[in-house]
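Colleague: The following file, start14.cif, comprises mmCIF, C-alpha atoms and all ligand atoms:
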```
data_target
loop_
_atom_site.group_PDB
_atom_site.id
_atom_site.type_symbol
_atom_site.label_atom_id
_atom_site.label_comp_id
_atom_site.auth_asym_id
_atom_site.auth_seq_id
_atom_site.Cartn_x
_atom_site.Cartn_y
_atom_site.Cartn_z
ATOM 1 C CA MET B 1 0.000 0.000 0.000
ATOM 2 C CA ARG B 2 1.176 3.523 -0.720
ATOM 3 C CA VAL B 3 1.433 5.968 2.163
ATOM 4 C CA PRO B 4 0.132 9.271 0.841
ATOM 5 C CA SER B 5 -0.423 10.662 4.309
ATOM 6 C CA ILE B 6 3.202 10.578 5.311
ATOM 7 C CA VAL B 7 5.118 10.508 2.085
ATOM 8 C CA VAL B 8 3.214 13.309 0.479
ATOM 9 C CA ARG B 9 2.810 16.010 3.057
ATOM 10 C CA LEU B 10 4.791 16.174 6.229
ATOM 11 C CA ALA B 11 3.751 19.540 7.554
ATOM 12 C CA ALA B 12 1.984 19.214 10.863
ATOM 13 C CA VAL B 13 -1.177 21.220 11.367
ATOM 14 C CA ASP B 14 -0.481 24.966 11.215
ATOM 15 C CA GLU B 15 3.237 24.391 10.910
ATOM 16 C CA SER B 16 5.547 24.762 7.940
ATOM 17 C CA ALA B 17 7.495 21.531 7.538
ATOM 18 C CA TRP B 18 10.880 23.097 8.227
ATOM 19 C CA LYS B 19 9.841 23.921 11.804
ATOM 20 C CA LEU B 20 9.363 20.240 12.559
ATOM 21 C CA PHE B 21 12.754 19.476 11.011
ATOM 22 C CA ASP B 22 14.322 22.235 13.092
ATOM 23 C CA ARG B 23 13.005 20.478 16.215
ATOM 24 C CA VAL B 24 14.265 17.016 15.216
ATOM 25 C CA ALA B 25 17.621 18.107 13.715
ATOM 26 C CA GLY B 26 19.659 16.670 16.613
ATOM 27 C CA ASP B 27 18.348 13.136 15.972
ATOM 28 C CA TYR B 28 17.746 13.421 12.235
ATOM 29 C CA ASP B 29 19.431 10.520 10.404
ATOM 30 C CA GLN B 30 21.326 9.603 13.592
ATOM 31 C CA VAL B 31 19.056 6.728 14.707
ATOM 32 C CA ALA B 32 19.474 5.045 11.303
ATOM 33 C CA PRO B 33 21.273 6.487 8.246
ATOM 34 C CA PHE B 34 18.184 6.291 6.042
ATOM 35 C CA PHE B 35 18.597 9.634 4.267
ATOM 36 C CA ALA B 36 22.389 9.367 4.049
ATOM 37 C CA GLU B 37 22.011 5.996 2.278
ATOM 38 C CA TYR B 38 19.451 7.504 -0.063
ATOM 39 C CA GLY B 39 21.736 10.484 -0.673
ATOM 40 C CA ARG B 40 24.585 8.208 -1.743
ATOM 41 C CA ALA B 41 22.280 6.179 -4.004
ATOM 42 C CA ILE B 42 20.808 9.331 -5.587
ATOM 43 C CA MET B 43 24.253 10.819 -6.244
ATOM 44 C CA ASP B 44 25.377 7.533 -7.787
ATOM 45 C CA VAL B 45 22.495 7.846 -10.246
ATOM 46 C CA LEU B 46 23.098 11.538 -11.024
ATOM 47 C CA ASP B 47 26.883 11.053 -11.128
ATOM 48 C CA PRO B 48 28.006 14.711 -11.200
ATOM 49 C CA PRO B 49 31.647 15.237 -12.256
ATOM 50 C CA ALA B 50 34.316 16.821 -10.058
ATOM 51 C CA GLY B 51 34.031 20.589 -10.169
ATOM 52 C CA CYS B 52 30.283 20.518 -10.803
ATOM 53 C CA ARG B 53 28.549 23.428 -9.037
ATOM 54 C CA VAL B 54 25.869 21.718 -6.972
ATOM 55 C CA LEU B 55 23.042 23.283 -4.972
ATOM 56 C CA ASP B 56 21.568 20.955 -2.328
ATOM 57 C CA LEU B 57 18.076 22.401 -1.852
ATOM 58 C CA GLY B 58 16.587 21.591 1.565
ATOM 59 C CA ALA B 59 19.842 19.916 2.509
ATOM 60 C CA GLY B 60 18.958 18.735 6.015
ATOM 61 C CA ARG B 61 22.121 17.391 7.626
ATOM 62 C CA GLY B 62 23.801 16.873 4.265
ATOM 63 C CA ALA B 63 22.609 13.537 2.873
ATOM 64 C CA LEU B 64 23.341 14.760 -0.662
ATOM 65 C CA THR B 65 26.014 17.276 0.261
ATOM 66 C CA ALA B 66 28.348 14.590 1.627
ATOM 67 C CA PRO B 67 28.484 12.381 -1.494
ATOM 68 C CA ALA B 68 28.644 15.465 -3.743
ATOM 69 C CA LEU B 69 31.659 16.774 -1.819
ATOM 70 C CA ALA B 70 33.242 13.314 -1.974
ATOM 71 C CA ARG B 71 32.985 13.524 -5.765
ATOM 72 C CA GLY B 72 34.847 16.845 -5.803
ATOM 73 C CA CYS B 73 31.788 18.996 -6.488
ATOM 74 C CA ALA B 74 31.550 22.580 -5.259
ATOM 75 C CA VAL B 75 28.531 22.367 -2.972
ATOM 76 C CA THR B 76 26.175 25.035 -1.720
ATOM 77 C CA ALA B 77 23.654 23.684 0.785
ATOM 78 C CA VAL B 78 20.538 25.551 1.898
ATOM 79 C CA ASP B 79 17.817 24.689 4.377
ATOM 80 C CA ALA B 80 15.165 26.741 6.157
ATOM 81 C CA ALA B 81 15.830 25.010 9.489
ATOM 82 C CA PRO B 82 18.721 26.773 11.318
ATOM 83 C CA ALA B 83 19.417 23.679 13.459
ATOM 84 C CA MET B 84 19.917 21.573 10.325
ATOM 85 C CA VAL B 85 22.269 24.116 8.743
ATOM 86 C CA GLU B 86 24.276 24.420 11.953
ATOM 87 C CA ARG B 87 24.912 20.651 12.002
ATOM 88 C CA LEU B 88 25.550 20.424 8.270
ATOM 89 C CA SER B 89 28.159 23.197 8.507
ATOM 90 C CA ALA B 90 29.884 21.482 11.423
ATOM 91 C CA ASP B 91 29.958 18.081 9.688
ATOM 92 C CA HIS B 92 30.746 19.341 6.172
ATOM 93 C CA PRO B 93 32.818 22.523 6.460
ATOM 94 C CA ALA B 94 33.782 22.289 2.776
ATOM 95 C CA ALA B 95 30.200 23.103 1.794
ATOM 96 C CA THR B 96 28.883 26.663 1.667
ATOM 97 C CA ALA B 97 25.785 26.480 3.839
ATOM 98 C CA TYR B 98 22.969 28.982 4.305
ATOM 99 C CA VAL B 99 19.712 29.177 6.205
ATOM 100 C CA MET B 100 17.428 29.979 3.293
ATOM 101 C CA ASP B 101 13.884 29.427 2.072
ATOM 102 C CA ALA B 102 13.860 27.112 -0.953
ATOM 103 C CA GLU B 103 10.873 29.071 -2.258
ATOM 104 C CA ASP B 104 12.803 32.365 -2.226
ATOM 105 C CA LEU B 105 16.519 31.798 -2.722
ATOM 106 C CA ASP B 106 18.935 34.630 -2.101
ATOM 107 C CA LEU B 107 21.277 33.225 -4.754
ATOM 108 C CA PRO B 108 22.175 34.604 -8.196
ATOM 109 C CA ALA B 109 20.503 33.331 -11.360
ATOM 110 C CA ASP B 110 22.344 30.915 -13.652
ATOM 111 C CA SER B 111 24.915 29.929 -11.021
ATOM 112 C CA PHE B 112 24.675 26.106 -10.641
ATOM 113 C CA ASP B 113 25.183 23.112 -12.921
ATOM 114 C CA LEU B 114 23.040 20.781 -10.820
ATOM 115 C CA VAL B 115 20.299 21.537 -8.308
ATOM 116 C CA VAL B 116 19.329 18.476 -6.334
ATOM 117 C CA SER B 117 16.689 18.117 -3.664
ATOM 118 C CA SER B 118 15.887 14.932 -1.791
ATOM 119 C CA PHE B 119 12.513 14.600 -0.033
ATOM 120 C CA VAL B 120 11.880 18.344 0.147
ATOM 121 C CA ILE B 121 9.730 19.615 -2.737
ATOM 122 C CA HIS B 122 6.600 17.823 -1.514
ATOM 123 C CA VAL B 123 6.903 19.310 1.992
ATOM 124 C CA LEU B 124 7.166 22.913 0.789
ATOM 125 C CA ASP B 125 4.191 25.181 1.333
ATOM 126 C CA ARG B 126 4.475 26.081 -2.369
ATOM 127 C CA PRO B 127 6.246 23.294 -4.284
ATOM 128 C CA ALA B 128 5.985 25.154 -7.610
ATOM 129 C CA ALA B 129 7.854 28.133 -6.099
ATOM 130 C CA GLY B 130 10.717 25.831 -5.080
ATOM 131 C CA VAL B 131 10.929 24.319 -8.548
ATOM 132 C CA ALA B 132 10.819 27.796 -10.146
ATOM 133 C CA GLU B 133 13.709 28.888 -7.923
ATOM 134 C CA ALA B 134 15.700 25.798 -8.892
ATOM 135 C CA TYR B 135 15.141 26.763 -12.525
ATOM 136 C CA ARG B 136 16.230 30.364 -11.942
ATOM 137 C CA VAL B 137 19.519 29.544 -10.218
ATOM 138 C CA LEU B 138 20.499 26.819 -12.708
ATOM 139 C CA ALA B 139 22.861 27.737 -15.522
ATOM 140 C CA PRO B 140 21.415 27.090 -19.001
ATOM 141 C CA GLY B 141 21.849 23.397 -19.717
ATOM 142 C CA GLY B 142 21.903 22.544 -16.000
ATOM 143 C CA ARG B 143 19.685 19.867 -14.470
ATOM 144 C CA PHE B 144 17.292 19.905 -11.519
ATOM 145 C CA ALA B 145 16.625 16.530 -9.873
ATOM 146 C CA PHE B 146 14.354 15.770 -6.939
ATOM 147 C CA THR B 147 12.801 12.908 -5.033
ATOM 148 C CA GLY B 148 9.673 12.551 -2.976
ATOM 149 C CA GLY B 149 5.918 12.584 -3.196
ATOM 150 C CA SER B 150 4.980 12.334 -6.852
ATOM 151 C CA ALA B 151 1.619 11.235 -8.183
ATOM 152 C CA ARG B 152 2.856 10.540 -11.706
ATOM 153 C CA THR B 153 5.493 7.922 -11.225
ATOM 154 C CA SER B 154 6.222 4.256 -11.502
ATOM 155 C CA HIS B 155 7.934 4.363 -8.083
ATOM 156 C CA ARG B 156 5.076 5.156 -5.764
ATOM 157 C CA GLY B 157 6.216 6.406 -2.389
ATOM 158 C CA GLY B 158 7.164 3.226 -0.621
ATOM 159 C CA GLY B 159 6.930 -0.475 -0.710
ATOM 160 C CA LYS B 160 7.600 -1.148 -4.360
ATOM 161 C CA PRO B 161 10.916 -2.958 -3.890
ATOM 162 C CA ASP B 162 9.671 -4.982 -0.947
ATOM 163 C CA ALA B 163 9.619 -8.601 -1.939
ATOM 164 C CA PRO B 164 7.482 -10.831 0.314
ATOM 165 C CA ALA B 165 10.743 -11.754 2.047
ATOM 166 C CA PHE B 166 11.010 -8.112 3.218
ATOM 167 C CA PRO B 167 7.545 -7.138 4.418
ATOM 168 C CA LEU B 168 8.503 -4.396 6.899
ATOM 169 C CA GLY B 169 7.850 -1.598 4.375
ATOM 170 C CA PRO B 170 4.346 -2.761 3.397
ATOM 171 C CA ARG B 171 3.498 -3.553 7.033
ATOM 172 C CA LEU B 172 4.576 -0.095 8.155
ATOM 173 C CA ASP B 173 2.703 1.503 5.274
ATOM 174 C CA ALA B 174 -0.447 -0.446 6.140
ATOM 175 C CA LEU B 175 -0.176 0.768 9.733
ATOM 176 C CA PHE B 176 0.151 4.394 8.656
ATOM 177 C CA GLY B 177 -2.769 3.900 6.265
ATOM 178 C CA GLU B 178 -4.922 2.418 9.032
ATOM 179 C CA PHE B 179 -4.205 5.264 11.473
ATOM 180 C CA ALA B 180 -4.520 8.052 8.885
ATOM 181 C CA VAL B 181 -8.289 8.088 9.491
ATOM 182 C CA HIS B 182 -7.613 9.448 13.003
ATOM 183 C CA LEU B 183 -5.795 12.543 11.759
ATOM 184 C CA PRO B 184 -7.584 15.848 12.298
ATOM 185 C CA PRO B 185 -8.911 17.709 9.243
ATOM 186 C CA ASN B 186 -5.979 19.411 7.489
ATOM 187 C CA GLY B 187 -3.575 17.256 9.497
ATOM 188 C CA SER B 188 -0.651 15.532 7.868
ATOM 189 C CA MET B 189 -2.744 14.591 4.843
ATOM 190 C CA GLY B 190 -2.158 16.505 1.651
ATOM 191 C CA THR B 191 -2.142 16.567 -2.112
ATOM 192 C CA PRO B 192 0.612 14.717 -3.954
ATOM 193 C CA VAL B 193 2.876 16.769 -6.165
ATOM 194 C CA ASP B 194 2.987 15.855 -9.818
ATOM 195 C CA ALA B 195 6.674 15.751 -10.688
ATOM 196 C CA ALA B 196 6.323 15.930 -14.462
ATOM 197 C CA GLU B 197 3.795 18.764 -14.289
ATOM 198 C CA LEU B 198 5.937 20.747 -11.849
ATOM 199 C CA LEU B 199 9.006 20.377 -14.054
ATOM 200 C CA GLU B 200 7.175 21.203 -17.278
ATOM 201 C CA GLU B 201 5.426 24.236 -15.832
ATOM 202 C CA ALA B 202 8.737 25.638 -14.602
ATOM 203 C CA GLY B 203 10.167 25.343 -18.142
ATOM 204 C CA PHE B 204 12.327 22.238 -17.811
ATOM 205 C CA GLU B 205 12.808 19.944 -20.773
ATOM 206 C CA ASP B 206 14.364 16.524 -21.367
ATOM 207 C CA LEU B 207 12.453 15.115 -18.373
ATOM 208 C CA ARG B 208 13.750 11.887 -16.838
ATOM 209 C CA GLU B 209 12.596 9.474 -14.186
ATOM 210 C CA GLU B 210 15.217 7.291 -12.594
ATOM 211 C CA SER B 211 15.176 5.508 -9.262
ATOM 212 C CA ALA B 212 17.174 4.810 -6.127
ATOM 213 C CA GLN B 213 16.728 2.160 -3.462
ATOM 214 C CA VAL B 214 17.838 1.658 0.118
ATOM 215 C CA ALA B 215 17.708 -1.187 2.632
ATOM 216 C CA ILE B 216 18.051 -0.183 6.284
ATOM 217 C CA GLU B 217 18.318 -2.701 9.101
ATOM 218 C CA PHE B 218 16.921 -1.759 12.514
ATOM 219 C CA ARG B 219 18.215 -3.387 15.686
ATOM 220 C CA ASP B 220 14.674 -3.728 17.027
ATOM 221 C CA HIS B 221 11.317 -2.029 16.752
ATOM 222 C CA GLU B 222 11.992 0.452 19.547
ATOM 223 C CA THR B 223 14.805 1.695 17.282
ATOM 224 C CA LEU B 224 12.344 1.757 14.380
ATOM 225 C CA TRP B 225 10.034 3.898 16.545
ATOM 226 C CA ARG B 226 12.843 6.284 17.501
ATOM 227 C CA TRP B 227 13.709 6.544 13.813
ATOM 228 C CA ALA B 228 10.087 7.348 12.925
ATOM 229 C CA MET B 229 10.165 10.117 15.526
ATOM 230 C CA SER B 230 13.411 11.573 14.141
ATOM 231 C CA HIS B 231 12.118 12.737 10.752
ATOM 232 C CA GLY B 232 8.962 13.626 8.840
ATOM 233 C CA TYR B 233 6.920 10.653 10.066
ATOM 234 C CA ARG B 234 6.873 12.517 13.366
ATOM 235 C CA ALA B 235 4.394 15.049 11.956
ATOM 236 C CA PHE B 236 1.924 12.231 11.316
ATOM 237 C CA ILE B 237 2.498 10.728 14.763
ATOM 238 C CA GLU B 238 2.191 14.070 16.562
ATOM 239 C CA ASP B 239 -1.031 14.851 14.710
ATOM 240 C CA LEU B 240 -2.689 11.671 15.998
ATOM 241 C CA PRO B 241 -4.968 12.157 19.025
ATOM 242 C CA ASP B 242 -3.244 10.927 22.237
ATOM 243 C CA GLU B 243 -5.046 7.602 22.534
ATOM 244 C CA HIS B 244 -4.396 6.700 18.901
ATOM 245 C CA ARG B 245 -0.750 7.752 19.171
ATOM 246 C CA ALA B 246 -0.260 5.388 22.102
ATOM 247 C CA GLU B 247 -1.948 2.582 20.165
ATOM 248 C CA PHE B 248 0.143 3.354 17.070
ATOM 249 C CA HIS B 249 3.316 3.113 19.164
ATOM 250 C CA ARG B 250 2.170 -0.206 20.617
ATOM 251 C CA ARG B 251 1.451 -1.568 17.131
ATOM 252 C CA VAL B 252 4.891 -0.534 15.817
ATOM 253 C CA LEU B 253 6.560 -2.346 18.736
ATOM 254 C CA ALA B 254 4.352 -5.392 18.039
ATOM 255 C CA LEU B 255 5.542 -5.794 14.426
ATOM 256 C CA PRO B 256 7.089 -9.252 13.857
ATOM 257 C CA ALA B 257 10.467 -9.262 15.607
ATOM 258 C CA GLU B 258 12.292 -10.839 12.661
ATOM 259 C CA ASP B 259 11.020 -8.098 10.366
ATOM 260 C CA ARG B 260 13.807 -5.547 10.769
ATOM 261 C CA VAL B 261 14.957 -4.533 7.269
ATOM 262 C CA LEU B 262 13.188 -1.617 5.629
ATOM 263 C CA HIS B 263 13.420 -1.603 1.830
ATOM 264 C CA ARG B 264 12.383 1.596 0.102
ATOM 265 C CA ALA B 265 12.589 2.953 -3.423
ATOM 266 C CA THR B 266 12.084 6.459 -4.741
ATOM 267 C CA GLY B 267 11.741 7.979 -8.149
ATOM 268 C CA ILE B 268 14.322 10.609 -9.067
ATOM 269 C CA TRP B 269 12.625 13.097 -11.365
ATOM 270 C CA SER B 270 14.700 15.574 -13.280
ATOM 271 C CA GLY B 271 14.645 18.102 -16.072
ATOM 272 C CA ARG B 272 17.149 20.245 -17.942
ATOM 273 C CA LYS B 273 17.044 24.032 -18.177
ATOM 274 C CA PRO B 274 17.115 24.872 -21.895
ATOM 275 C CA GLY B 275 20.184 26.564 -23.282
HETATM 276 C C1 LIG R 301 12.910 15.134 4.692
HETATM 277 S S1 LIG R 301 14.066 16.404 5.021
HETATM 278 C C2 LIG R 301 15.264 16.076 3.757
HETATM 279 C C3 LIG R 301 16.602 16.651 4.068
HETATM 280 C C4 LIG R 301 17.715 16.174 3.168
HETATM 281 N N1 LIG R 301 17.494 16.584 1.801
HETATM 282 C C5 LIG R 301 17.876 14.677 3.277
HETATM 283 O O1 LIG R 301 17.698 13.972 2.265
HETATM 284 O O2 LIG R 301 18.175 14.216 4.373
HETATM 285 C C6 LIG R 301 13.275 17.853 4.427
HETATM 286 C C7 LIG R 301 14.127 19.097 4.615
HETATM 287 O O3 LIG R 301 13.492 20.190 3.947
HETATM 288 C C8 LIG R 301 13.713 21.346 4.717
HETATM 289 N N2 LIG R 301 12.722 22.363 4.338
HETATM 290 C C9 LIG R 301 11.401 22.345 4.532
HETATM 291 N N3 LIG R 301 10.833 23.448 4.052
HETATM 292 C C10 LIG R 301 11.841 24.200 3.538
HETATM 293 C C11 LIG R 301 11.898 25.466 2.894
HETATM 294 N N4 LIG R 301 10.802 26.195 2.669
HETATM 295 N N5 LIG R 301 13.106 25.912 2.479
HETATM 296 C C12 LIG R 301 14.223 25.178 2.693
HETATM 297 N N6 LIG R 301 14.232 23.996 3.312
HETATM 298 C C13 LIG R 301 13.051 23.496 3.724
HETATM 299 C C14 LIG R 301 13.562 20.850 6.136
HETATM 300 O O4 LIG R 301 14.089 21.737 7.082
HETATM 301 C C15 LIG R 301 14.294 19.510 6.063
HETATM 302 O O5 LIG R 301 15.646 19.650 6.374
#
```
Mind converting the file's structure to structure tokens?

Modeller:
Amino acid sequence: MRVPSIVVRLAAVDESAWKLFDRVAGDYDQVAPFFAEYGRAIMDVLDPPAGCRVLDLGAGRGALTAPALARGCAVTAVDAAPAMVERLSADHPAATAYVMDAEDLDLPADSFDLVVSSFVIHVLDRPAAGVAEAYRVLAPGGRFAFTGGSARTSHRGGGKPDAPAFPLGPRLDALFGEFAVHLPPNGSMGTPVDAAELLEEAGFEDLREESAQVAIEFRDHETLWRWAMSHGYRAFIEDLPDEHRAEFHRRVLALPAEDRVLHRATGIWSGRKPG
């Protein structure tokens, strides 16, 4: 089952998504290196050459910044959450890092060869504004690539790579789906972004859809719970009424003990700025 409620829109009620990420920055990707693994896989697909001017849009703690730096790219990383940027700067001093709104970048036009954004566009208040800004700051011929929350895709949110031998993803998704009915109106539910439409409307051409996969092993389901609370899933969990949150926690801990490897896949959608 797909998990539109959590994959698509992470913003808690009345809260821009970055505020939640600012709160969880200390634990983000520290319980399990889920986003770091994705970042490596995404950069392997995009394969930017040394010297490439890369903008990591909504960089978090540097899941994409780290592999881009390792490839010899010149990386600028921006995020709206000051606590994320503080940690990214400390861990990756070679990157130029700014606290900045992806929807309103204080960066010059035509100044990057690659803009890349993992699991950010769909949590923006105005996804189209973020994609338009990516277009503006790209040099002609440059490419914008992003992951997360697309309706038009062959890699729908989660679960696709999970063979029956690896049922944790589908089981977790089913649990989120079951509890989504308890969310308040305008809670963590939202409208999926349409990757192809967003890219086309911003003016991108030569659209591509590629994919990346990760497999993350959790020591136990308490660790899985701590991981869920350390990133965007937390918005869903916090939006549940108290009694349902407690039950949700209990159900996560009650998942089959041998079921500890989470397999996920994401589409990587990209387009080229003409020129
Ligand atoms: C799911 S995290 C992904 C972070 C990172 N790209 C990664 O793969 O680990 C989403 C990130 O988007 C950032 N974000 C949310 N809204 C933003 C905005 N308007 N401008 C810039 N960053 C934003 C959050 O602060 C958070 O760090």

Colleague: For a quick check of understanding, using all atoms listed in the file, which of B:Pro108, B:Pro241, B:Gly149, B:Gly232 has the smallest distance to ligand LIG 301 (chain R)?

Modeller: B:Gly232

Colleague: Hey, can you check how far atom CA of B:Trp18 sits from atom CA of B:Ala97?

Modeller: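 Rounded to one decimal, the two atoms are 15.9 Å apart.
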
Colleague: Give me, as a compact mmCIF listing (two decimals) with C-alpha atoms, keeping the file's coordinate frame, the set of residues whose atoms come within 9 Å of any atom of ligand LIG 301 (chain R), counting all atoms listed in the file.

Modeller:
```txt
# COMPACT_ATOMS: atom_id res chain seq x y z
CA LEU B 10 4.79 16.17 6.23
CA ALA B 11 3.75 19.54 7.55
CA SER B 16 5.55 24.76 7.94
CA ALA B 17 7.50 21.53 7.54
CA TRP B 18 10.88 23.10 8.23
CA LYS B 19 9.84 23.92 11.80
CA LEU B 20 9.36 20.24 12.56
CA PHE B 21 12.75 19.48 11.01
CA ASP B 22 14.32 22.24 13.09
CA ALA B 25 17.62 18.11 13.72
CA TYR B 28 17.75 13.42 12.24
CA ASP B 29 19.43 10.52 10.40
CA PHE B 34 18.18 6.29 6.04
CA PHE B 35 18.60 9.63 4.27
CA ALA B 36 22.39 9.37 4.05
CA TYR B 38 19.45 7.50 -0.06
CA GLY B 39 21.74 10.48 -0.67
CA ASP B 56 21.57 20.96 -2.33
CA LEU B 57 18.08 22.40 -1.85
CA GLY B 58 16.59 21.59 1.56
CA ALA B 59 19.84 19.92 2.51
CA GLY B 60 18.96 18.74 6.02
CA ARG B 61 22.12 17.39 7.63
CA GLY B 62 23.80 16.87 4.26
CA ALA B 63 22.61 13.54 2.87
CA LEU B 64 23.34 14.76 -0.66
CA THR B 65 26.01 17.28 0.26
CA VAL B 78 20.54 25.55 1.90
CA ASP B 79 17.82 24.69 4.38
CA ALA B 80 15.16 26.74 6.16
CA ALA B 81 15.83 25.01 9.49
CA PRO B 82 18.72 26.77 11.32
CA ALA B 83 19.42 23.68 13.46
CA MET B 84 19.92 21.57 10.32
CA VAL B 85 22.27 24.12 8.74
CA VAL B 99 19.71 29.18 6.20
CA MET B 100 17.43 29.98 3.29
CA ASP B 101 13.88 29.43 2.07
CA ALA B 102 13.86 27.11 -0.95
CA GLU B 103 10.87 29.07 -2.26
CA ASP B 104 12.80 32.36 -2.23
CA LEU B 105 16.52 31.80 -2.72
CA VAL B 116 19.33 18.48 -6.33
CA SER B 117 16.69 18.12 -3.66
CA SER B 118 15.89 14.93 -1.79
CA PHE B 119 12.51 14.60 -0.03
CA VAL B 120 11.88 18.34 0.15
CA ILE B 121 9.73 19.61 -2.74
CA HIS B 122 6.60 17.82 -1.51
CA VAL B 123 6.90 19.31 1.99
CA LEU B 124 7.17 22.91 0.79
CA ASP B 125 4.19 25.18 1.33
CA ARG B 126 4.47 26.08 -2.37
CA PRO B 127 6.25 23.29 -4.28
CA GLY B 130 10.72 25.83 -5.08
CA THR B 147 12.80 12.91 -5.03
CA GLY B 148 9.67 12.55 -2.98
CA HIS B 231 12.12 12.74 10.75
CA GLY B 232 8.96 13.63 8.84
```

Colleague: How far is it from atom CA of B:Glu86 to atom CA of B:Ala70, in Å with one decimal?

Modeller: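 So the answer is 19.9 Å.
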
Colleague: For atom CA of B:Ala212 and atom CA of B:Phe236, quote the distance in Å rounded to one decimal.

Modeller: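 Atom-to-atom, atom CA of B:Ala212 and atom CA of B:Phe236 are spaced 24.3 Å apart.
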
Colleague: Rank B:Ile42, B:Pro140, B:Pro93, B:Glu133 by their smallest atom-to-atom distance to B:Leu198, using only C-alpha atoms, and report the top residue only.

Modeller: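 Comparing B:Ile42, B:Pro140, B:Pro93, B:Glu133 against B:Leu198, the winner is B:Glu133.
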
Colleague: With distances taken over all atoms listed in the file, which of B:Val115, B:Leu183, B:Ile268, B:Leu172 is nearest to B:Leu224?

Modeller: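 Of B:Val115, B:Leu183, B:Ile268, B:Leu172, the one nearest B:Leu224, counting all atoms listed in the file, is B:Leu172.
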
Colleague: I'd like to know which of B:Gly51, B:Pro274, B:Pro185, B:Gly26 is closest to B:Gly203, using all atoms listed in the file.

Modeller: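 Ranking B:Gly51, B:Pro274, B:Pro185, B:Gly26 by distance to B:Gly203, first place goes to B:Pro274.
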
Colleague: Quick one: apply the PyMOL selection byres (((chain B and resi 214) around 9) and not hetatm) to the file and drop the selected residues here as a PyMOL selection string.

Modeller: chain B and resi 34+37-38+41+212-213+215-216+262-266

Colleague: Determine, counting all atoms listed in the file, which protein, DNA and RNA residues have an atom within 10 Å of an atom of B:Glu209; residues of the same chain fewer than 2 positions away are not included. Present the result as an NGL selection string.

Modeller: :B and (145-147 or 153-155 or 195-196 or 207 or 211 or 266-271)

Colleague: What does the PyMOL selection byres (((chain B and resi 110) around 6) and not hetatm) select in this file, as a list in words?

Modeller: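 Output of the PyMOL selection byres (((chain B and resi 110) around 6) and not hetatm): Ala109, Ser111, Val137, Leu138 and Ala139 of chain B.
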
Colleague: Keeping only C-alpha atoms, write the selected residues as an mmCIF file, in the frame of the given file.

Modeller:
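The resulting file, part.cif, is reproduced below:
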```
data_model
loop_
_atom_site.group_PDB
_atom_site.id
_atom_site.type_symbol
_atom_site.label_atom_id
_atom_site.label_comp_id
_atom_site.auth_asym_id
_atom_site.auth_seq_id
_atom_site.Cartn_x
_atom_site.Cartn_y
_atom_site.Cartn_z
ATOM 1 C CA ALA B 109 20.503 33.331 -11.360
ATOM 2 C CA SER B 111 24.915 29.929 -11.021
ATOM 3 C CA VAL B 137 19.519 29.544 -10.218
ATOM 4 C CA LEU B 138 20.499 26.819 -12.708
ATOM 5 C CA ALA B 139 22.861 27.737 -15.522
#
```

Colleague: I would like the residues chosen by the PyMOL selection byres (((chain B and resi 168) around 8) and not hetatm) on the shown file; could you give them as a ChimeraX atom specification?

Modeller: /B:162,166-167,169-172,259-263

Colleague: If the box runs along x, y and z of the file and leaves 3 Å on each side of stretch 90-102 of chain B, what are its centre and edge lengths in Å, one decimal, as JSON?

Modeller:
```
{"center_x": 23.8, "center_y": 24.0, "center_z": 5.2, "size_x": 25.9, "size_y": 17.9, "size_z": 18.4}
```

Colleague: From the set B:Ala77, B:Pro48, B:Asp239, B:Ala90, which residue has the shortest atom-to-atom contact distance to B:Asp113, counting all atoms listed in the file?

Modeller: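 Of B:Ala77, B:Pro48, B:Asp239, B:Ala90, the one nearest B:Asp113 is B:Pro48, counting all atoms listed in the file.
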
Colleague: Using all atoms listed in the file, what residues lie at most 9 Å away from (-3.9, 4.5, 12.1) (file coordinates), given as a PDB file with C-alpha atoms, in the coordinates of the input?

Modeller:
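New file selection-v7.pdb:
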```
ATOM      1  CA  ALA B 174      -0.447  -0.446   6.140  1.00  0.00           C
ATOM      2  CA  LEU B 175      -0.176   0.768   9.733  1.00  0.00           C
ATOM      3  CA  PHE B 176       0.151   4.394   8.656  1.00  0.00           C
ATOM      4  CA  GLY B 177      -2.769   3.900   6.265  1.00  0.00           C
ATOM      5  CA  GLU B 178      -4.922   2.418   9.032  1.00  0.00           C
ATOM      6  CA  PHE B 179      -4.205   5.264  11.473  1.00  0.00           C
ATOM      7  CA  ALA B 180      -4.520   8.052   8.885  1.00  0.00           C
ATOM      8  CA  VAL B 181      -8.289   8.088   9.491  1.00  0.00           C
ATOM      9  CA  HIS B 182      -7.613   9.448  13.003  1.00  0.00           C
ATOM     10  CA  LEU B 183      -5.795  12.543  11.759  1.00  0.00           C
ATOM     11  CA  LEU B 240      -2.689  11.671  15.998  1.00  0.00           C
ATOM     12  CA  HIS B 244      -4.396   6.700  18.901  1.00  0.00           C
ATOM     13  CA  ARG B 245      -0.750   7.752  19.171  1.00  0.00           C
ATOM     14  CA  GLU B 247      -1.948   2.582  20.165  1.00  0.00           C
ATOM     15  CA  PHE B 248       0.143   3.354  17.070  1.00  0.00           C
TER      16      PHE B 248
END
```

Colleague: Find the residue from B:Ala128, B:Leu69, B:Ala246, B:Ala50 that sits nearest to B:Glu201; use all atoms listed in the file when measuring.

Modeller: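 Residue with the minimum atom-to-atom distance to B:Glu201: B:Ala128.
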